[in-house]
$ cat entry32.cif   # mmCIF, N, CA and C atoms
data_protein
#
loop_
_atom_site.label_atom_id
_atom_site.label_comp_id
_atom_site.auth_asym_id
_atom_site.auth_seq_id
_atom_site.Cartn_x
_atom_site.Cartn_y
_atom_site.Cartn_z
N MET A 1 0.86 -1.18 0.00
CA MET A 1 0.00 0.00 0.00
C MET A 1 0.90 1.23 0.00
N GLY A 2 0.56 2.20 -0.82
CA GLY A 2 1.32 3.44 -0.88
C GLY A 2 0.91 4.39 0.22
N TYR A 3 1.72 5.42 0.39
CA TYR A 3 1.44 6.40 1.43
C TYR A 3 0.13 7.15 1.18
N ARG A 4 -0.19 7.40 -0.09
CA ARG A 4 -1.42 8.10 -0.42
C ARG A 4 -2.64 7.32 0.08
N GLU A 5 -2.67 6.02 -0.19
CA GLU A 5 -3.78 5.19 0.27
C GLU A 5 -3.80 5.10 1.79
N LEU A 6 -2.63 5.00 2.39
CA LEU A 6 -2.55 4.95 3.85
C LEU A 6 -3.10 6.24 4.47
N LEU A 7 -2.73 7.38 3.90
CA LEU A 7 -3.25 8.66 4.41
C LEU A 7 -4.76 8.75 4.24
N LYS A 8 -5.28 8.27 3.12
CA LYS A 8 -6.72 8.30 2.90
C LYS A 8 -7.44 7.43 3.92
N LYS A 9 -6.87 6.26 4.20
CA LYS A 9 -7.49 5.39 5.21
C LYS A 9 -7.45 6.05 6.58
N TYR A 10 -6.35 6.72 6.90
CA TYR A 10 -6.24 7.37 8.19
C TYR A 10 -7.21 8.55 8.31
N ILE A 11 -7.34 9.33 7.25
CA ILE A 11 -8.29 10.45 7.25
C ILE A 11 -9.71 9.91 7.45
N LEU A 12 -10.05 8.83 6.76
CA LEU A 12 -11.37 8.22 6.92
C LEU A 12 -11.55 7.71 8.34
N HIS A 13 -10.51 7.11 8.90
CA HIS A 13 -10.55 6.63 10.29
C HIS A 13 -10.85 7.80 11.24
N LEU A 14 -10.19 8.93 11.04
CA LEU A 14 -10.45 10.10 11.89
C LEU A 14 -11.89 10.57 11.75
N GLN A 15 -12.39 10.60 10.53
CA GLN A 15 -13.77 11.05 10.32
C GLN A 15 -14.76 10.14 11.02
N ILE A 16 -14.51 8.85 10.97
CA ILE A 16 -15.43 7.89 11.58
C ILE A 16 -15.34 7.93 13.10
N THR A 17 -14.13 7.95 13.63
CA THR A 17 -13.99 7.86 15.09
C THR A 17 -14.13 9.20 15.80
N ALA A 18 -13.64 10.28 15.19
CA ALA A 18 -13.67 11.57 15.87
C ALA A 18 -14.69 12.53 15.29
N GLY A 19 -15.23 12.21 14.13
CA GLY A 19 -16.21 13.08 13.51
C GLY A 19 -15.63 14.21 12.70
N ASP A 20 -14.30 14.27 12.57
CA ASP A 20 -13.64 15.33 11.82
C ASP A 20 -12.27 14.82 11.40
N HIS A 21 -11.76 15.36 10.28
CA HIS A 21 -10.41 14.96 9.86
C HIS A 21 -9.36 15.94 10.35
N PHE A 22 -9.77 17.08 10.88
CA PHE A 22 -8.91 18.09 11.51
C PHE A 22 -7.90 18.73 10.56
N ILE A 23 -8.09 18.60 9.26
CA ILE A 23 -7.13 19.15 8.31
C ILE A 23 -7.09 20.67 8.38
N GLU A 24 -8.23 21.28 8.54
CA GLU A 24 -8.28 22.75 8.53
C GLU A 24 -8.33 23.36 9.93
N SER A 25 -8.03 22.56 10.94
CA SER A 25 -8.04 23.07 12.31
C SER A 25 -6.87 24.01 12.54
N GLU A 26 -7.14 25.08 13.26
CA GLU A 26 -6.10 26.05 13.60
C GLU A 26 -5.19 25.48 14.68
N THR A 27 -3.91 25.76 14.58
CA THR A 27 -2.95 25.34 15.60
C THR A 27 -2.14 26.55 16.05
N ALA A 28 -1.60 26.47 17.25
CA ALA A 28 -0.80 27.57 17.78
C ALA A 28 0.44 27.79 16.91
N GLU A 29 1.06 26.71 16.47
CA GLU A 29 2.22 26.80 15.59
C GLU A 29 1.91 26.06 14.31
N PRO A 30 2.11 26.70 13.16
CA PRO A 30 1.83 26.01 11.90
C PRO A 30 2.80 24.86 11.68
N VAL A 31 2.25 23.68 11.50
CA VAL A 31 3.06 22.49 11.27
C VAL A 31 3.06 22.14 9.79
N LEU A 32 1.94 22.41 9.14
CA LEU A 32 1.78 22.05 7.74
C LEU A 32 1.91 23.28 6.84
N SER A 33 2.62 23.12 5.74
CA SER A 33 2.72 24.21 4.77
C SER A 33 1.43 24.31 3.98
N ASP A 34 1.28 25.39 3.22
CA ASP A 34 0.10 25.53 2.37
C ASP A 34 0.00 24.38 1.38
N ARG A 35 1.14 23.95 0.88
CA ARG A 35 1.16 22.81 -0.06
C ARG A 35 0.70 21.53 0.63
N ASP A 36 1.18 21.30 1.86
CA ASP A 36 0.76 20.13 2.63
C ASP A 36 -0.75 20.15 2.84
N LEU A 37 -1.27 21.31 3.24
CA LEU A 37 -2.72 21.44 3.47
C LEU A 37 -3.50 21.17 2.19
N GLY A 38 -2.99 21.67 1.07
CA GLY A 38 -3.63 21.44 -0.22
C GLY A 38 -3.70 19.97 -0.56
N GLU A 39 -2.61 19.25 -0.32
CA GLU A 39 -2.58 17.81 -0.59
C GLU A 39 -3.57 17.06 0.30
N LEU A 40 -3.58 17.40 1.58
CA LEU A 40 -4.49 16.74 2.51
C LEU A 40 -5.95 17.05 2.18
N LYS A 41 -6.23 18.28 1.79
CA LYS A 41 -7.60 18.64 1.39
C LYS A 41 -8.02 17.87 0.15
N THR A 42 -7.10 17.66 -0.77
CA THR A 42 -7.40 16.87 -1.97
C THR A 42 -7.75 15.44 -1.59
N LEU A 43 -6.97 14.86 -0.69
CA LEU A 43 -7.26 13.49 -0.24
C LEU A 43 -8.62 13.41 0.44
N ALA A 44 -8.91 14.39 1.29
CA ALA A 44 -10.20 14.41 1.99
C ALA A 44 -11.34 14.54 0.99
N ALA A 45 -11.14 15.33 -0.05
CA ALA A 45 -12.18 15.49 -1.08
C ALA A 45 -12.38 14.19 -1.84
N GLU A 46 -11.30 13.47 -2.13
CA GLU A 46 -11.41 12.18 -2.81
C GLU A 46 -12.20 11.20 -1.96
N ILE A 47 -11.94 11.21 -0.67
CA ILE A 47 -12.68 10.33 0.24
C ILE A 47 -14.15 10.71 0.22
N HIS A 48 -14.42 12.01 0.30
CA HIS A 48 -15.80 12.48 0.31
C HIS A 48 -16.55 12.06 -0.96
N ARG A 49 -15.88 12.10 -2.08
CA ARG A 49 -16.51 11.72 -3.34
C ARG A 49 -16.66 10.21 -3.48
N GLY A 50 -16.10 9.47 -2.58
CA GLY A 50 -16.26 8.02 -2.63
C GLY A 50 -15.17 7.30 -3.37
N THR A 51 -14.09 7.98 -3.71
CA THR A 51 -13.04 7.32 -4.46
C THR A 51 -12.18 6.41 -3.60
N TYR A 52 -12.45 6.39 -2.29
CA TYR A 52 -11.70 5.50 -1.41
C TYR A 52 -12.20 4.07 -1.46
N ASP A 53 -13.33 3.84 -2.14
CA ASP A 53 -13.88 2.49 -2.22
C ASP A 53 -12.84 1.55 -2.83
N ARG A 54 -12.63 0.45 -2.20
CA ARG A 54 -11.69 -0.57 -2.70
C ARG A 54 -12.49 -1.78 -3.14
N ALA A 55 -11.88 -2.58 -3.95
CA ALA A 55 -12.56 -3.76 -4.48
C ALA A 55 -13.00 -4.70 -3.37
N ASP A 56 -12.31 -4.71 -2.24
CA ASP A 56 -12.66 -5.64 -1.17
C ASP A 56 -13.78 -5.12 -0.27
N ARG A 57 -14.30 -3.94 -0.51
CA ARG A 57 -15.43 -3.42 0.27
C ARG A 57 -16.71 -3.65 -0.50
N THR A 58 -17.73 -4.03 0.20
CA THR A 58 -19.02 -4.17 -0.47
C THR A 58 -19.77 -2.86 -0.33
N ARG A 59 -20.80 -2.70 -1.15
CA ARG A 59 -21.60 -1.49 -1.06
C ARG A 59 -22.21 -1.35 0.34
N ALA A 60 -22.60 -2.47 0.94
CA ALA A 60 -23.22 -2.41 2.26
C ALA A 60 -22.24 -1.87 3.30
N GLU A 61 -20.99 -2.33 3.25
CA GLU A 61 -20.00 -1.83 4.20
C GLU A 61 -19.79 -0.34 4.01
N ASN A 62 -19.85 0.11 2.78
CA ASN A 62 -19.70 1.52 2.50
C ASN A 62 -20.84 2.31 3.14
N TYR A 63 -22.05 1.81 3.07
CA TYR A 63 -23.18 2.51 3.69
C TYR A 63 -23.04 2.53 5.21
N ASN A 64 -22.48 1.48 5.78
CA ASN A 64 -22.27 1.47 7.23
C ASN A 64 -21.24 2.54 7.61
N ALA A 65 -20.18 2.66 6.83
CA ALA A 65 -19.18 3.70 7.11
C ALA A 65 -19.79 5.08 6.93
N ARG A 66 -20.60 5.25 5.90
CA ARG A 66 -21.26 6.54 5.66
C ARG A 66 -22.21 6.88 6.80
N LEU A 67 -22.87 5.86 7.37
CA LEU A 67 -23.75 6.07 8.51
C LEU A 67 -22.96 6.61 9.70
N ARG A 68 -21.81 6.00 9.98
CA ARG A 68 -21.00 6.45 11.11
C ARG A 68 -20.53 7.89 10.90
N ILE A 69 -20.14 8.22 9.68
CA ILE A 69 -19.71 9.59 9.39
C ILE A 69 -20.87 10.56 9.56
N LEU A 70 -22.03 10.20 9.04
CA LEU A 70 -23.22 11.05 9.16
C LEU A 70 -23.56 11.32 10.62
N MET A 71 -23.52 10.27 11.44
CA MET A 71 -23.82 10.43 12.86
C MET A 71 -22.79 11.33 13.54
N ASN A 72 -21.52 11.13 13.23
CA ASN A 72 -20.47 11.95 13.84
C ASN A 72 -20.58 13.40 13.41
N GLN A 73 -20.87 13.63 12.13
CA GLN A 73 -20.97 15.00 11.63
C GLN A 73 -22.06 15.79 12.33
N HIS A 74 -23.14 15.12 12.71
CA HIS A 74 -24.27 15.83 13.30
C HIS A 74 -24.41 15.56 14.80
N GLY A 75 -23.41 14.89 15.38
CA GLY A 75 -23.42 14.65 16.82
C GLY A 75 -24.58 13.80 17.29
N LEU A 76 -24.97 12.83 16.48
CA LEU A 76 -26.13 11.99 16.82
C LEU A 76 -25.68 10.71 17.51
N SER A 77 -26.28 10.42 18.63
CA SER A 77 -26.05 9.14 19.30
C SER A 77 -26.91 8.07 18.64
N ALA A 78 -26.66 6.83 18.98
CA ALA A 78 -27.48 5.74 18.44
C ALA A 78 -28.94 5.92 18.87
N GLU A 79 -29.13 6.36 20.11
CA GLU A 79 -30.49 6.58 20.62
C GLU A 79 -31.21 7.68 19.86
N ALA A 80 -30.49 8.78 19.60
CA ALA A 80 -31.10 9.91 18.89
C ALA A 80 -31.45 9.52 17.46
N LEU A 81 -30.55 8.80 16.79
CA LEU A 81 -30.83 8.39 15.41
C LEU A 81 -32.00 7.41 15.37
N ALA A 82 -32.03 6.50 16.31
CA ALA A 82 -33.14 5.54 16.36
C ALA A 82 -34.48 6.26 16.54
N ALA A 83 -34.49 7.26 17.40
CA ALA A 83 -35.73 8.03 17.62
C ALA A 83 -36.14 8.78 16.35
N LEU A 84 -35.17 9.38 15.67
CA LEU A 84 -35.47 10.10 14.43
C LEU A 84 -36.04 9.18 13.35
N CYS A 85 -35.50 7.95 13.29
CA CYS A 85 -35.89 7.01 12.24
C CYS A 85 -37.01 6.05 12.65
N HIS A 86 -37.43 6.14 13.91
CA HIS A 86 -38.48 5.26 14.44
C HIS A 86 -38.09 3.79 14.31
N ILE A 87 -36.86 3.48 14.74
CA ILE A 87 -36.37 2.10 14.74
C ILE A 87 -35.75 1.80 16.10
N GLU A 88 -35.43 0.55 16.33
CA GLU A 88 -34.85 0.15 17.60
C GLU A 88 -33.37 0.57 17.68
N VAL A 89 -32.93 0.96 18.85
CA VAL A 89 -31.54 1.34 19.08
C VAL A 89 -30.60 0.18 18.74
N GLY A 90 -31.02 -1.02 19.03
CA GLY A 90 -30.19 -2.19 18.74
C GLY A 90 -29.83 -2.32 17.27
N ILE A 91 -30.75 -1.94 16.41
CA ILE A 91 -30.49 -2.00 14.97
C ILE A 91 -29.39 -1.00 14.60
N VAL A 92 -29.51 0.21 15.12
CA VAL A 92 -28.49 1.23 14.85
C VAL A 92 -27.14 0.75 15.36
N ASN A 93 -27.11 0.17 16.54
CA ASN A 93 -25.86 -0.34 17.09
C ASN A 93 -25.26 -1.44 16.23
N CYS A 94 -26.10 -2.29 15.66
CA CYS A 94 -25.62 -3.35 14.77
C CYS A 94 -25.05 -2.77 13.48
N TRP A 95 -25.63 -1.69 13.01
CA TRP A 95 -25.10 -1.04 11.80
C TRP A 95 -23.76 -0.37 12.07
N ARG A 96 -23.59 0.12 13.30
CA ARG A 96 -22.38 0.88 13.64
C ARG A 96 -21.21 0.00 14.07
N THR A 97 -21.45 -1.23 14.41
CA THR A 97 -20.39 -2.09 14.92
C THR A 97 -19.43 -2.51 13.81
N SER A 98 -18.32 -3.05 14.19
CA SER A 98 -17.29 -3.50 13.24
C SER A 98 -17.82 -4.67 12.39
N PRO A 99 -17.46 -4.71 11.12
CA PRO A 99 -17.88 -5.84 10.27
C PRO A 99 -17.37 -7.19 10.78
N ARG A 100 -16.37 -7.18 11.63
CA ARG A 100 -15.85 -8.44 12.19
C ARG A 100 -16.68 -8.94 13.37
N SER A 101 -17.58 -8.11 13.86
CA SER A 101 -18.41 -8.48 15.01
C SER A 101 -19.54 -9.41 14.59
N ALA A 102 -19.91 -10.32 15.48
CA ALA A 102 -21.04 -11.22 15.23
C ALA A 102 -22.36 -10.44 15.18
N ARG A 103 -22.40 -9.27 15.81
CA ARG A 103 -23.62 -8.44 15.84
C ARG A 103 -23.76 -7.56 14.60
N TYR A 104 -22.74 -7.49 13.77
CA TYR A 104 -22.73 -6.60 12.60
C TYR A 104 -23.89 -6.90 11.67
N GLN A 105 -24.53 -5.83 11.20
CA GLN A 105 -25.59 -5.92 10.19
C GLN A 105 -25.31 -4.90 9.12
N PRO A 106 -25.22 -5.29 7.87
CA PRO A 106 -25.04 -4.28 6.82
C PRO A 106 -26.32 -3.48 6.64
N ILE A 107 -26.15 -2.19 6.40
CA ILE A 107 -27.30 -1.34 6.13
C ILE A 107 -27.49 -1.29 4.61
N THR A 108 -28.70 -1.45 4.17
CA THR A 108 -28.96 -1.45 2.73
C THR A 108 -29.02 -0.01 2.20
N GLU A 109 -28.95 0.11 0.91
CA GLU A 109 -29.04 1.42 0.29
C GLU A 109 -30.37 2.09 0.63
N ALA A 110 -31.46 1.31 0.59
CA ALA A 110 -32.79 1.86 0.89
C ALA A 110 -32.88 2.30 2.36
N GLN A 111 -32.33 1.50 3.28
CA GLN A 111 -32.33 1.88 4.69
C GLN A 111 -31.52 3.16 4.92
N PHE A 112 -30.37 3.24 4.26
CA PHE A 112 -29.53 4.42 4.41
C PHE A 112 -30.24 5.65 3.87
N ALA A 113 -30.94 5.50 2.75
CA ALA A 113 -31.69 6.63 2.18
C ALA A 113 -32.75 7.12 3.17
N CYS A 114 -33.43 6.18 3.85
CA CYS A 114 -34.43 6.56 4.87
C CYS A 114 -33.77 7.31 6.03
N VAL A 115 -32.61 6.83 6.45
CA VAL A 115 -31.88 7.49 7.53
C VAL A 115 -31.49 8.91 7.10
N GLU A 116 -30.97 9.04 5.90
CA GLU A 116 -30.59 10.37 5.41
C GLU A 116 -31.77 11.32 5.37
N ARG A 117 -32.93 10.82 4.91
CA ARG A 117 -34.13 11.66 4.87
C ARG A 117 -34.54 12.09 6.27
N ALA A 118 -34.48 11.17 7.21
CA ALA A 118 -34.86 11.50 8.59
C ALA A 118 -33.93 12.55 9.18
N VAL A 119 -32.63 12.41 8.93
CA VAL A 119 -31.67 13.38 9.44
C VAL A 119 -31.88 14.73 8.75
N LEU A 120 -32.12 14.73 7.45
CA LEU A 120 -32.38 15.97 6.73
C LEU A 120 -33.62 16.68 7.28
N ASN A 121 -34.68 15.93 7.49
CA ASN A 121 -35.90 16.51 8.06
C ASN A 121 -35.64 17.10 9.44
N TRP A 122 -34.88 16.40 10.25
CA TRP A 122 -34.52 16.87 11.58
C TRP A 122 -33.70 18.17 11.49
N LEU A 123 -32.73 18.19 10.57
CA LEU A 123 -31.92 19.40 10.40
C LEU A 123 -32.76 20.59 9.96
N GLU A 124 -33.68 20.34 9.05
CA GLU A 124 -34.56 21.42 8.58
C GLU A 124 -35.48 21.93 9.70
N SER A 125 -35.96 21.01 10.52
CA SER A 125 -36.87 21.43 11.60
C SER A 125 -36.14 22.17 12.71
N THR A 126 -34.87 21.88 12.91
CA THR A 126 -34.11 22.56 13.97
C THR A 126 -33.52 23.89 13.52
N SER A 127 -33.52 24.13 12.21
CA SER A 127 -32.96 25.39 11.73
C SER A 127 -33.97 26.52 11.74
N ASP A 128 -35.23 26.21 12.01
CA ASP A 128 -36.28 27.26 12.03
C ASP A 128 -36.19 28.12 13.25
#
$ encode --input "entry32.cif" --output "structure tokens"
Amino acid sequence: MGYRELLKKYILHLQITAGDHFIESETAEPVLSDRDLGELKTLAAEIHRGTYDRADRTRAENYNARLRILMNQHGLSAEALAALCHIEVGIVNCWRTSPRSARYQPITEAQFACVERAVLNWLESTSD
């Protein structure tokens, strides 16, 4: 694996676990040059566009990763998302768990679309 792919995986890992990739975060002392920031922003954009998909990932696993990112971006807990979507918390937890877990459940494209609609409706209702 090249460094570019490794960096993309790490950026995705940060987005999933911390809810942000921190590329544009201000620091007391600049560590990254403008060129470095540009390269990292390009990688983050590639990830956002879905170009990080590898042949060994299924579409379902991709939707599970997208679900985790969506939840982190909007600060939603499993309980909050379950309430928004009118589903059981256990289902959300199964979608969020590692694919290696016995509890793992892939989320389908249709289920993910419903979740996105519910989150969008929630965002629109809270912006009023």
$ closest_residue --input "entry32.cif" --among "A:Met1, A:Val119, A:Ile23, A:Ala113" --to "Leu76 in chain A" --atoms "only C-alpha atoms"
A:Val119
$ select_by_dssp --input "entry32.cif" --residues "range 9-113 of chain A" --states "helix (DSSP H, G or I)" --output "number ranges by chain"
A: 9-18, 34-48, 59-73, 78-85, 89-96, 109-113
$ atom_distance --input "entry32.cif" --atom1 "atom C of Thr42 in chain A" --atom2 "CA of Gly2 in chain A"
15.1 Å
$ resolve_selection --input "entry32.cif" --expression "the PyMOL selection byres (((chain A and resi 118 and name CA) around 10) and name CA)" --output "PyMOL selection string"
chain A and resi 81-86+112-117+119-124
$ closest_residue --input "entry32.cif" --among "A:Arg49, A:Arg35, A:Arg103, A:Arg96" --to "Ala65 in chain A" --atoms "only N, CA and C atoms"
A:Arg96
$ atom_distance --input "entry32.cif" --atom1 "CA of Ile87 in chain A" --atom2 "CA of Leu67 in chain A"
14.6 Å
$ atom_distance --input "entry32.cif" --atom1 "atom N of Lys41 in chain A" --atom2 "CA of Glu24 in chain A"
8.3 Å
$ residues_around --input "entry32.cif" --residues "Leu14 in chain A" --least-positions-apart "5" --cutoff "12 Å" --atoms "only C-alpha atoms" --output "PyMOL selection string"
chain A and resi 7-9+19-23+44+47+65+68-69+72-73
$ closest_residue --input "entry32.cif" --among "A:Ala45, A:Leu32, A:Ile107, A:Ala78" --to "Tyr63 in chain A" --atoms "all atoms listed in the file"
A:Ile107
$ closest_residue --input "entry32.cif" --among "A:Val92, A:Thr108, A:Leu43, A:Ala80" --to "Ile11 in chain A" --atoms "all atoms listed in the file"
A:Leu43
$ axis_aligned_box --input "entry32.cif" --around "range 103-107 of chain A" --padding-each-side "8 Å" --output "lines of an AutoDock Vina configuration file"
center_x = -24.9
center_y = -5.3
center_z = 10.2
size_x = 21.1
size_y = 24.0
size_z = 27.2
$ closest_residue --input "entry32.cif" --among "A:Asn64, A:Met71, A:Glu88, A:Glu79" --to "Pro106 in chain A" --atoms "only C-alpha atoms"
A:Asn64
